[in-house]
Amino acid sequence: MTPIIDIEHMTKSYEMGGETVVAISDVSLQIRAGDFVAIIGPSVSGKSTFMNMIGCLDRPDSGRYLLDGEEVEKMKDHQLAAVRNRKIGFIFQNFNLLTKLSALENIELPLLYKGLKKKERLEIAYASLEKVGLKGRERHMPNQLSGGQQQRVAIARALAGQPPILLADEPTGALDSKTSQEILQLMKDLHRQGHTIVLITHDMEVANQASRIVRIQDGQLFEAGGERYEPAAVH
Amino acid sequence: MNPLQSIKMALRSIKGNKVRAFLTMLGVIIGVSSVIVLVAIGQGSSKDITSRISSLGTNLLTVNIIGTDTVKLTEDDVGKFGGISGVKDLSPVVSGRVTVKNGAESTQVSLTGTNSSYQTVRDLQLNSGRFLSDMDDEYRQKIAVLGSGTAETLFGTDDPVGQYVQVNGTSFKVVGVLASKGGALGQSGDNVIVMPLSTAERVVKNTSVQTVYIQADSEQQLGIVMARTQSELAKLFPNNQDNYSVVNQQDLMDTMSSVTNTMTMMLAGIAGISLLVGGIGIMNIMLVSVSERTKEIGIRKAIGAQRKDILLQFLIEAVVLSSMGGIAGVALGLVLAKVVAVAAGLTIAYSTAVILIAFMFSLATGVVFGVFPANKASKLHPIQALRYE
């Protein structure tokens, strides 16, 4: 079975104060459809850069990235935008909802950029909101919702476009422990329903919820056992 | 994303910031409304002048003596014009400024010394009494016809007919009052006093006629009459063509309308500049809005907004702002022009073309000044934009 994410020998460096910093070097990773993978690492490990790569927010310097069968590394900006829209559902640490739009309208947004008609958009948005347990809060504005509820809306937004991958960046980072548990439970439920989830965190407890853990350190990837992660093992 | 969605989104973001939106629009509102008001006044006075000139008929010639020091046109000379075939009527005018008094009331008015034909030639209406007669001129009668403005200043609401006024110290009997004919270009046609030519010559101590109005039998004859008048003048004042002129009503109308057109263009230009300033205001606010909403742009890009989606969103917002300002400006302009017309007693003429142009210009302002901020927004990198707090 072809992996849904297939990254080979990916390297990314950037300029910082006149110096070239290698954020990730020669990283390879395969993730199969239906996986729940946690990528864990401390704050300057290259974790964020790697997430930006997986999320198609940026292009690698070298290496290959096949996302759901599409070669992403060569894409132009507008193609990347389309890929983000169709293939990836983002869940952010700070929820990143648009504060001037209601819960329902926030969920509609990716569908709007996808070009769906009003009727379809509403149908999907209602269903997504129900799926995350917020039925009846369609007209609430983000500031009328608790942190946990806002993150649920964000998850509903990520789900709305039915992307093959959910990419969560510290989804519980801004929540208290009880709410964190609820959000993680929701993600586990979504995993059980067949969603592929990539979870990026610095918290081992959170990472432990995943079915597979990959560690990132100094721009290198290791499988949870502690050895250097070898892509060949997955094939 | 379809344009209707974008417009809805733009309206929502404008609604979220009402005061700022209003202040942004203010420049456009002032610009558009001032274009409409100023052009309405300009065209109104142009229309007013044109209609007044044409009401005198198209078969009127005016002989103006410009250099009265070198060229003296006497009443006898004027009599020669009467001999020209095709001339129906003519009316010489001696003018000057005089002080007119009635008891304690006193005013400076312009004096017109002329004959009885003046009434028909200049198309004057009387409010009360009678106009000058040939007899008055012959016998140098000390009688006068007052303009409605003069009459009001000196007599208030009383009827001046039969009463006496002092003109430069001499007593004159008022025999009639003219109907008001309004003013143009800041000059009132009502603050006048009209008296027989012979009498006026004594009052202003000047026997040379400055103006002669010649009415031709018909419009067809006008050209011939004009040519003959000119040759008569050339005979009277050889090599002095620079000191007199003969114009017909059409020439006069053309001159006046070119003057008022220039004035209108100038007013429109000034108003156009204020529209430009309004546009810069829009650009300013849109730029602030872009940097304020960097995070929003990042989120939109992360969930799949294309560059053109963001560009369109901000551009449409600018256009919606400017067109709302444009509509408000048109409404305000129409009302304001009406108010000015009533308050200042001016004639105004709305021009649909100018209203449309002003509105289109405000739309264009939105597009032109919206492009730069919108482009800036659309080019933001999603990662940097997301990280922006």
# chains A, B, ... in the order shown; residues from 1 in each chain; ligands from 1

call {"tool": "interface_residues", "arguments": {"of": "chain B", "to": "chain A", "cutoff": "12 Å", "atoms": "only C-alpha atoms", "output": "ChimeraX atom specification"}}
result
/B:1-6,8-17,293-310,313,378-389

call {"tool": "write_last_selection", "arguments": {"atoms": "C-alpha atoms", "output": "PDB file, in the first residue's frame"}}
result
ATOM      1  CA  MET B   1     -15.100  32.106  -4.535  1.00  0.00           C
ATOM      2  CA  ASN B   2     -17.709  34.110  -6.372  1.00  0.00           C
ATOM      3  CA  PRO B   3     -17.848  37.930  -6.320  1.00  0.00           C
ATOM      4  CA  LEU B   4     -21.141  38.047  -4.429  1.00  0.00           C
ATOM      5  CA  GLN B   5     -19.507  36.174  -1.555  1.00  0.00           C
ATOM      6  CA  SER B   6     -16.602  38.598  -1.640  1.00  0.00           C
ATOM      7  CA  LYS B   8     -20.775  40.096   1.453  1.00  0.00           C
ATOM      8  CA  MET B   9     -17.484  39.474   3.197  1.00  0.00           C
ATOM      9  CA  ALA B  10     -16.340  43.033   2.475  1.00  0.00           C
ATOM     10  CA  LEU B  11     -19.602  44.476   3.822  1.00  0.00           C
ATOM     11  CA  ARG B  12     -19.190  42.414   6.969  1.00  0.00           C
ATOM     12  CA  SER B  13     -15.693  43.669   7.600  1.00  0.00           C
ATOM     13  CA  ILE B  14     -16.800  47.265   6.923  1.00  0.00           C
ATOM     14  CA  LYS B  15     -19.684  46.800   9.351  1.00  0.00           C
ATOM     15  CA  GLY B  16     -17.233  45.625  11.980  1.00  0.00           C
ATOM     16  CA  ASN B  17     -15.478  48.972  11.839  1.00  0.00           C
ATOM     17  CA  ARG B 293      -5.339  41.596   9.565  1.00  0.00           C
ATOM     18  CA  THR B 294      -2.076  39.844   8.762  1.00  0.00           C
ATOM     19  CA  LYS B 295      -3.052  36.960  11.012  1.00  0.00           C
ATOM     20  CA  GLU B 296      -6.425  36.633   9.297  1.00  0.00           C
ATOM     21  CA  ILE B 297      -4.675  36.552   5.924  1.00  0.00           C
ATOM     22  CA  GLY B 298      -2.357  33.825   7.236  1.00  0.00           C
ATOM     23  CA  ILE B 299      -5.289  31.719   8.425  1.00  0.00           C
ATOM     24  CA  ARG B 300      -7.115  32.147   5.144  1.00  0.00           C
ATOM     25  CA  LYS B 301      -4.017  31.160   3.200  1.00  0.00           C
ATOM     26  CA  ALA B 302      -3.379  28.136   5.422  1.00  0.00           C
ATOM     27  CA  ILE B 303      -6.838  26.756   4.774  1.00  0.00           C
ATOM     28  CA  GLY B 304      -6.457  27.193   1.050  1.00  0.00           C
ATOM     29  CA  ALA B 305      -7.126  30.771  -0.024  1.00  0.00           C
ATOM     30  CA  GLN B 306      -5.381  31.550  -3.288  1.00  0.00           C
ATOM     31  CA  ARG B 307      -3.471  34.761  -3.863  1.00  0.00           C
ATOM     32  CA  LYS B 308      -6.251  36.007  -6.069  1.00  0.00           C
ATOM     33  CA  ASP B 309      -8.848  35.268  -3.359  1.00  0.00           C
ATOM     34  CA  ILE B 310      -7.010  37.541  -0.915  1.00  0.00           C
ATOM     35  CA  GLN B 313     -11.146  40.345  -0.943  1.00  0.00           C
ATOM     36  CA  SER B 378      -2.032  38.764  -1.272  1.00  0.00           C
ATOM     37  CA  LYS B 379       1.759  38.478  -1.339  1.00  0.00           C
ATOM     38  CA  LEU B 380       2.133  37.785   2.394  1.00  0.00           C
ATOM     39  CA  HIS B 381       3.798  34.477   3.106  1.00  0.00           C
ATOM     40  CA  PRO B 382       1.401  32.156   4.956  1.00  0.00           C
ATOM     41  CA  ILE B 383       3.934  31.108   7.618  1.00  0.00           C
ATOM     42  CA  GLN B 384       5.002  34.653   8.458  1.00  0.00           C
ATOM     43  CA  ALA B 385       1.419  35.823   8.405  1.00  0.00           C
ATOM     44  CA  LEU B 386       0.305  33.010  10.728  1.00  0.00           C
ATOM     45  CA  ARG B 387       3.064  33.808  13.184  1.00  0.00           C
ATOM     46  CA  TYR B 388       2.079  37.506  13.276  1.00  0.00           C
ATOM     47  CA  GLU B 389       0.446  38.569  16.525  1.00  0.00           C
TER      48      GLU B 389
END

call {"tool": "residues_around", "arguments": {"residues": "B:Thr24", "least_positions_apart": "3", "cutoff": "7 Å", "atoms": "only C-alpha atoms", "output": "list of chain:residue names"}}
result
B:Arg20, B:Ala21, B:Gly27, B:Gly281, B:Ile282, B:Ile285

call {"tool": "atom_distance", "arguments": {"atom1": "atom CA of B:Val63", "atom2": "atom CA of B:Leu90"}}
result
10.5 Å

call {"tool": "select_by_dssp", "arguments": {"residues": "stretch 26-159 of chain B", "states": "alpha helix (DSSP H)", "output": "count of residues only"}}
result
55

call {"tool": "residues_around", "arguments": {"residues": "B:Gly44", "least_positions_apart": "3", "cutoff": "9 Å", "atoms": "only C-alpha atoms", "output": "PDB file with C-alpha atoms, in the first residue's frame"}}
result
ATOM      1  CA  VAL B  39     -20.809  71.797 -11.452  1.00  0.00           C
ATOM      2  CA  ALA B  40     -24.532  72.274 -10.770  1.00  0.00           C
ATOM      3  CA  ILE B  41     -23.919  75.901  -9.817  1.00  0.00           C
ATOM      4  CA  LYS B  47     -27.901  78.161 -18.447  1.00  0.00           C
ATOM      5  CA  ASP B  48     -29.278  81.258 -16.790  1.00  0.00           C
ATOM      6  CA  ILE B  49     -27.111  83.609 -18.822  1.00  0.00           C
ATOM      7  CA  LEU B 346     -28.783  80.788  -7.591  1.00  0.00           C
ATOM      8  CA  THR B 347     -29.957  78.846 -10.568  1.00  0.00           C
ATOM      9  CA  ILE B 348     -28.595  75.298 -10.540  1.00  0.00           C
ATOM     10  CA  ALA B 349     -28.611  72.655 -13.237  1.00  0.00           C
ATOM     11  CA  TYR B 350     -27.963  68.996 -12.374  1.00  0.00           C
TER      12      TYR B 350
END

call {"tool": "select_by_dssp", "arguments": {"residues": "stretch 25-232 of chain B", "states": "strand (DSSP E)", "output": "VMD selection string"}}
result
chain B and resid 60 to 65 87 to 102 105 to 114 126 to 129 143 to 146 164 to 167 170 to 178 183 to 184 187 to 188 192 to 196 211 to 216

call {"tool": "closest_atom_pairs", "arguments": {"of": "stretch 152-232 of chain A", "to": "stretch 39-48 of chain A", "cutoff": "8 Å", "atoms": "only C-alpha atoms", "output": "tab-separated table"}}
result
residue	atom	partner	partner_atom	distance
A:Val198	CA	A:Ile39	CA	7.3
A:Leu199	CA	A:Ile39	CA	6.0
A:Ile200	CA	A:Ile39	CA	4.8
A:Thr201	CA	A:Ile40	CA	5.1
A:His202	CA	A:Gly41	CA	5.1
A:Asp203	CA	A:Ile40	CA	7.1
A:Met204	CA	A:Ile40	CA	7.2
A:Ala207	CA	A:Ile40	CA	6.7
A:Ile213	CA	A:Ile39	CA	6.0
A:Val214	CA	A:Ile39	CA	4.8
A:Arg215	CA	A:Ile40	CA	4.8
A:Ile216	CA	A:Gly41	CA	5.0
A:Gln217	CA	A:Ser45	CA	4.7
A:Asp218	CA	A:Ser45	CA	4.8
A:Gly219	CA	A:Gly46	CA	5.0

call {"tool": "atom_distance", "arguments": {"atom1": "atom CA of A:Gln30", "atom2": "atom CA of A:Asp68"}}
result
11.2 Å

call {"tool": "closest_residue", "arguments": {"among": "B:Ala227, B:Val371, B:Leu111, B:Ile36", "to": "B:Ser245", "atoms": "only C-alpha atoms"}}
result
B:Ala227

call {"tool": "closest_residue", "arguments": {"among": "A:Ile5, A:Ile91, A:Met10, A:Leu122", "to": "A:Arg59", "atoms": "only C-alpha atoms"}}
result
A:Met10

call {"tool": "atom_distance", "arguments": {"atom1": "atom CA of A:Leu184", "atom2": "atom CA of A:Glu105"}}
result
24.3 Å

call {"tool": "residues_around", "arguments": {"residues": "B:Gln230", "least_positions_apart": "5", "cutoff": "10 Å", "atoms": "only C-alpha atoms", "output": "PyMOL selection string"}}
result
chain B and resi 63+81+224-225+235-236+241+244-246

call {"tool": "write_last_selection", "arguments": {"atoms": "N, CA, C and O atoms", "output": "PDB file, in the first residue's frame"}}
result
ATOM      1  N   VAL B  63     -23.498  97.448 -30.362  1.00  0.00           N
ATOM      2  CA  VAL B  63     -22.306  98.213 -30.706  1.00  0.00           C
ATOM      3  C   VAL B  63     -21.730  98.731 -29.399  1.00  0.00           C
ATOM      4  O   VAL B  63     -22.419  99.433 -28.646  1.00  0.00           O
ATOM      5  N   PHE B  81     -27.405 105.104 -38.034  1.00  0.00           N
ATOM      6  CA  PHE B  81     -27.642 103.650 -38.043  1.00  0.00           C
ATOM      7  C   PHE B  81     -29.105 103.365 -38.352  1.00  0.00           C
ATOM      8  O   PHE B  81     -29.436 102.371 -38.959  1.00  0.00           O
ATOM      9  N   ILE B 224     -26.346  91.140 -42.751  1.00  0.00           N
ATOM     10  CA  ILE B 224     -26.232  92.335 -43.606  1.00  0.00           C
ATOM     11  C   ILE B 224     -26.189  93.586 -42.740  1.00  0.00           C
ATOM     12  O   ILE B 224     -25.360  94.479 -42.933  1.00  0.00           O
ATOM     13  N   VAL B 225     -27.114  93.635 -41.771  1.00  0.00           N
ATOM     14  CA  VAL B 225     -27.177  94.804 -40.894  1.00  0.00           C
ATOM     15  C   VAL B 225     -25.849  94.977 -40.160  1.00  0.00           C
ATOM     16  O   VAL B 225     -25.327  96.090 -40.043  1.00  0.00           O
ATOM     17  N   LYS B 235     -16.608 104.351 -41.461  1.00  0.00           N
ATOM     18  CA  LYS B 235     -16.650 105.673 -42.076  1.00  0.00           C
ATOM     19  C   LYS B 235     -16.517 106.771 -41.014  1.00  0.00           C
ATOM     20  O   LYS B 235     -15.811 107.753 -41.189  1.00  0.00           O
ATOM     21  N   LEU B 236     -17.224 106.554 -39.878  1.00  0.00           N
ATOM     22  CA  LEU B 236     -17.213 107.543 -38.808  1.00  0.00           C
ATOM     23  C   LEU B 236     -15.851 107.636 -38.131  1.00  0.00           C
ATOM     24  O   LEU B 236     -15.367 108.716 -37.819  1.00  0.00           O
ATOM     25  N   GLN B 241     -10.581 100.753 -35.501  1.00  0.00           N
ATOM     26  CA  GLN B 241     -11.356  99.518 -35.287  1.00  0.00           C
ATOM     27  C   GLN B 241     -11.182  98.936 -33.879  1.00  0.00           C
ATOM     28  O   GLN B 241     -12.053  98.236 -33.395  1.00  0.00           O
ATOM     29  N   TYR B 244     -13.934 100.139 -31.001  1.00  0.00           N
ATOM     30  CA  TYR B 244     -15.360  99.799 -30.962  1.00  0.00           C
ATOM     31  C   TYR B 244     -15.530  98.352 -31.398  1.00  0.00           C
ATOM     32  O   TYR B 244     -14.625  97.771 -32.022  1.00  0.00           O
ATOM     33  N   SER B 245     -16.642  97.798 -31.054  1.00  0.00           N
ATOM     34  CA  SER B 245     -16.908  96.434 -31.495  1.00  0.00           C
ATOM     35  C   SER B 245     -18.387  96.266 -31.766  1.00  0.00           C
ATOM     36  O   SER B 245     -19.220  96.948 -31.167  1.00  0.00           O
ATOM     37  N   VAL B 246     -18.680  95.386 -32.702  1.00  0.00           N
ATOM     38  CA  VAL B 246     -20.074  95.058 -33.000  1.00  0.00           C
ATOM     39  C   VAL B 246     -20.231  93.557 -32.775  1.00  0.00           C
ATOM     40  O   VAL B 246     -19.518  92.764 -33.378  1.00  0.00           O
TER      41      VAL B 246
END

call {"tool": "residues_around", "arguments": {"residues": "A:Leu29", "least_positions_apart": "2", "cutoff": "8 Å", "atoms": "only C-alpha atoms", "output": "list in words"}}
result
Ile5, Asp6, Ile7, Glu8, Val27, Ile31 and Pro231 of chain A

call {"tool": "closest_residue", "arguments": {"among": "B:Gln215, B:Ser54, B:Ser91, B:Ser291", "to": "B:Leu197", "atoms": "only C-alpha atoms"}}
result
B:Ser91

call {"tool": "residues_around", "arguments": {"residues": "stretch 139-141 of chain B", "least_positions_apart": "4", "cutoff": "10 Å", "atoms": "only C-alpha atoms", "output": "PyMOL selection string"}}
result
chain B and resi 132-135+172-173+195-202

call {"tool": "write_last_selection", "arguments": {"atoms": "all heavy atoms", "output": "CSV table (one decimal), in the first residue's frame"}}
result
chain,number,residue,atom,x,y,z
B,132,LEU,N,-40.1,104.9,-20.4
B,132,LEU,CA,-39.8,106.2,-21.0
B,132,LEU,C,-40.5,106.4,-22.3
B,132,LEU,O,-40.8,105.4,-23.0
B,132,LEU,CB,-38.3,106.3,-21.3
B,132,LEU,CG,-37.3,106.0,-20.2
B,132,LEU,CD1,-35.9,106.0,-20.7
B,132,LEU,CD2,-37.5,107.0,-19.0
B,133,SER,N,-40.9,107.6,-22.7
B,133,SER,CA,-41.5,107.8,-24.0
B,133,SER,C,-40.5,108.8,-24.8
B,133,SER,O,-39.6,109.4,-24.2
B,133,SER,CB,-42.8,108.5,-23.8
B,133,SER,OG,-42.7,109.8,-23.4
B,134,ASP,N,-40.8,108.8,-26.1
B,134,ASP,CA,-40.0,109.7,-27.0
B,134,ASP,C,-40.1,111.2,-26.5
B,134,ASP,O,-39.1,111.9,-26.6
B,134,ASP,CB,-40.4,109.6,-28.4
B,134,ASP,CG,-40.1,108.2,-29.0
B,134,ASP,OD1,-39.1,107.6,-28.4
B,134,ASP,OD2,-40.7,107.8,-30.0
B,135,MET,N,-41.3,111.5,-26.0
B,135,MET,CA,-41.5,112.9,-25.6
B,135,MET,C,-40.5,113.3,-24.4
B,135,MET,O,-40.0,114.4,-24.3
B,135,MET,CB,-42.9,113.1,-25.1
B,135,MET,CG,-44.0,112.9,-26.1
B,135,MET,SD,-44.1,114.5,-27.0
B,135,MET,CE,-45.3,115.3,-25.9
B,172,PHE,N,-35.8,113.9,-9.4
B,172,PHE,CA,-36.4,113.2,-10.5
B,172,PHE,C,-37.7,112.6,-10.1
B,172,PHE,O,-37.8,112.0,-9.0
B,172,PHE,CB,-35.5,112.1,-11.0
B,172,PHE,CG,-34.4,112.6,-11.9
B,172,PHE,CD1,-33.3,113.3,-11.5
B,172,PHE,CD2,-34.5,112.3,-13.3
B,172,PHE,CE1,-32.3,113.7,-12.3
B,172,PHE,CE2,-33.5,112.7,-14.2
B,172,PHE,CZ,-32.4,113.5,-13.7
B,173,LYS,N,-38.7,112.6,-11.0
B,173,LYS,CA,-40.0,111.9,-10.7
B,173,LYS,C,-39.9,110.5,-11.2
B,173,LYS,O,-39.5,110.2,-12.3
B,173,LYS,CB,-41.1,112.7,-11.4
B,173,LYS,CG,-42.5,112.2,-11.1
B,173,LYS,CD,-43.6,112.9,-11.8
B,173,LYS,CE,-45.0,112.5,-11.4
B,173,LYS,NZ,-46.0,113.1,-12.2
B,195,MET,N,-33.3,106.5,-17.3
B,195,MET,CA,-33.9,107.8,-17.6
B,195,MET,C,-33.6,108.2,-19.0
B,195,MET,O,-32.9,107.5,-19.7
B,195,MET,CB,-33.3,108.9,-16.6
B,195,MET,CG,-31.7,109.0,-16.7
B,195,MET,SD,-31.1,110.3,-15.6
B,195,MET,CE,-31.5,109.6,-14.0
B,196,PRO,N,-34.3,109.2,-19.5
B,196,PRO,CA,-34.1,109.6,-20.9
B,196,PRO,C,-32.7,110.0,-21.2
B,196,PRO,O,-31.9,110.5,-20.4
B,196,PRO,CB,-35.0,110.9,-21.1
B,196,PRO,CG,-36.0,110.8,-20.0
B,196,PRO,CD,-35.3,110.1,-18.9
B,197,LEU,N,-32.2,109.6,-22.5
B,197,LEU,CA,-30.9,109.8,-22.9
B,197,LEU,C,-30.4,111.2,-22.7
B,197,LEU,O,-29.3,111.5,-22.1
B,197,LEU,CB,-30.8,109.4,-24.4
B,197,LEU,CG,-29.4,109.4,-25.0
B,197,LEU,CD1,-28.5,108.4,-24.4
B,197,LEU,CD2,-29.4,109.2,-26.5
B,198,SER,N,-31.2,112.2,-23.1
B,198,SER,CA,-30.8,113.6,-23.0
B,198,SER,C,-30.6,114.0,-21.6
B,198,SER,O,-29.7,114.8,-21.3
B,198,SER,CB,-31.9,114.5,-23.7
B,198,SER,OG,-33.2,114.1,-23.2
B,199,THR,N,-31.5,113.6,-20.7
B,199,THR,CA,-31.3,113.9,-19.3
B,199,THR,C,-30.1,113.3,-18.7
B,199,THR,O,-29.3,113.9,-18.0
B,199,THR,CB,-32.6,113.4,-18.5
B,199,THR,OG1,-33.7,113.6,-19.3
B,199,THR,CG2,-32.7,114.1,-17.2
B,200,ALA,N,-29.9,112.0,-19.1
B,200,ALA,CA,-28.7,111.2,-18.5
B,200,ALA,C,-27.4,111.9,-18.9
B,200,ALA,O,-26.5,111.9,-18.1
B,200,ALA,CB,-28.8,109.8,-19.0
B,201,GLU,N,-27.4,112.4,-20.2
B,201,GLU,CA,-26.1,113.0,-20.6
B,201,GLU,C,-25.7,114.2,-19.7
B,201,GLU,O,-24.6,114.4,-19.5
B,201,GLU,CB,-26.3,113.5,-22.1
B,201,GLU,CG,-26.2,112.4,-23.1
B,201,GLU,CD,-26.5,112.8,-24.5
B,201,GLU,OE1,-27.1,114.0,-24.7
B,201,GLU,OE2,-26.2,112.1,-25.4
B,202,ARG,N,-26.8,114.9,-19.2
B,202,ARG,CA,-26.5,116.0,-18.3
B,202,ARG,C,-26.0,115.5,-17.0
B,202,ARG,O,-25.1,116.0,-16.3
B,202,ARG,CB,-27.7,116.9,-18.1
B,202,ARG,CG,-28.0,117.6,-19.4
B,202,ARG,CD,-29.1,118.6,-19.2
B,202,ARG,NE,-29.2,119.5,-20.3
B,202,ARG,CZ,-30.0,120.5,-20.3
B,202,ARG,NH1,-30.8,120.8,-19.3
B,202,ARG,NH2,-30.1,121.3,-21.4

call {"tool": "decode", "arguments": {"residues": "stretch 199-217 of chain A", "atoms": "N, CA and C atoms", "output": "mmCIF file, in the first residue's frame"}}
result
data_model
loop_
_atom_site.group_PDB
_atom_site.id
_atom_site.type_symbol
_atom_site.label_atom_id
_atom_site.label_comp_id
_atom_site.auth_asym_id
_atom_site.auth_seq_id
_atom_site.Cartn_x
_atom_site.Cartn_y
_atom_site.Cartn_z
ATOM 1 N N LEU A 199 0.128 14.521 14.550
ATOM 2 C CA LEU A 199 0.046 15.375 15.731
ATOM 3 C C LEU A 199 1.441 15.840 16.094
ATOM 4 N N ILE A 200 1.621 17.135 16.172
ATOM 5 C CA ILE A 200 2.938 17.656 16.513
ATOM 6 C C ILE A 200 2.890 18.230 17.919
ATOM 7 N N THR A 201 3.816 17.795 18.779
ATOM 8 C CA THR A 201 3.759 18.213 20.183
ATOM 9 C C THR A 201 5.145 18.144 20.827
ATOM 10 N N HIS A 202 5.258 18.782 21.967
ATOM 11 C CA HIS A 202 6.495 18.633 22.740
ATOM 12 C C HIS A 202 6.219 17.806 23.995
ATOM 13 N N ASP A 203 4.950 17.416 24.179
ATOM 14 C CA ASP A 203 4.486 16.797 25.413
ATOM 15 C C ASP A 203 4.356 15.283 25.219
ATOM 16 N N MET A 204 5.145 14.538 25.953
ATOM 17 C CA MET A 204 5.142 13.070 25.804
ATOM 18 C C MET A 204 3.778 12.468 26.113
ATOM 19 N N GLU A 205 3.101 13.039 27.108
ATOM 20 C CA GLU A 205 1.788 12.502 27.490
ATOM 21 C C GLU A 205 0.801 12.595 26.337
ATOM 22 N N VAL A 206 0.880 13.736 25.651
ATOM 23 C CA VAL A 206 0.006 13.923 24.495
ATOM 24 C C VAL A 206 0.404 12.957 23.390
ATOM 25 N N ALA A 207 1.728 12.857 23.164
ATOM 26 C CA ALA A 207 2.224 11.989 22.096
ATOM 27 C C ALA A 207 1.822 10.533 22.324
ATOM 28 N N ASN A 208 1.756 10.142 23.598
ATOM 29 C CA ASN A 208 1.418 8.755 23.936
ATOM 30 C C ASN A 208 0.028 8.339 23.472
ATOM 31 N N GLN A 209 -0.828 9.315 23.191
ATOM 32 C CA GLN A 209 -2.178 9.000 22.724
ATOM 33 C C GLN A 209 -2.138 8.441 21.306
ATOM 34 N N ALA A 210 -1.057 8.747 20.579
ATOM 35 C CA ALA A 210 -0.963 8.332 19.184
ATOM 36 C C ALA A 210 -0.579 6.871 19.091
ATOM 37 N N SER A 211 -0.799 6.286 17.911
ATOM 38 C CA SER A 211 -0.466 4.878 17.756
ATOM 39 C C SER A 211 0.982 4.692 17.324
ATOM 40 N N ARG A 212 1.598 5.809 16.891
ATOM 41 C CA ARG A 212 3.013 5.714 16.499
ATOM 42 C C ARG A 212 3.682 7.035 16.851
ATOM 43 N N ILE A 213 4.887 6.967 17.382
ATOM 44 C CA ILE A 213 5.573 8.186 17.800
ATOM 45 C C ILE A 213 6.884 8.322 17.054
ATOM 46 N N VAL A 214 7.092 9.518 16.490
ATOM 47 C CA VAL A 214 8.357 9.811 15.823
ATOM 48 C C VAL A 214 8.982 10.974 16.560
ATOM 49 N N ARG A 215 10.284 10.839 16.868
ATOM 50 C CA ARG A 215 10.956 11.897 17.607
ATOM 51 C C ARG A 215 11.785 12.721 16.640
ATOM 52 N N ILE A 216 11.780 14.037 16.839
ATOM 53 C CA ILE A 216 12.630 14.885 16.002
ATOM 54 C C ILE A 216 13.582 15.644 16.908
ATOM 55 N N GLN A 217 14.842 15.629 16.538
ATOM 56 C CA GLN A 217 15.844 16.315 17.349
ATOM 57 C C GLN A 217 16.969 16.802 16.451
#
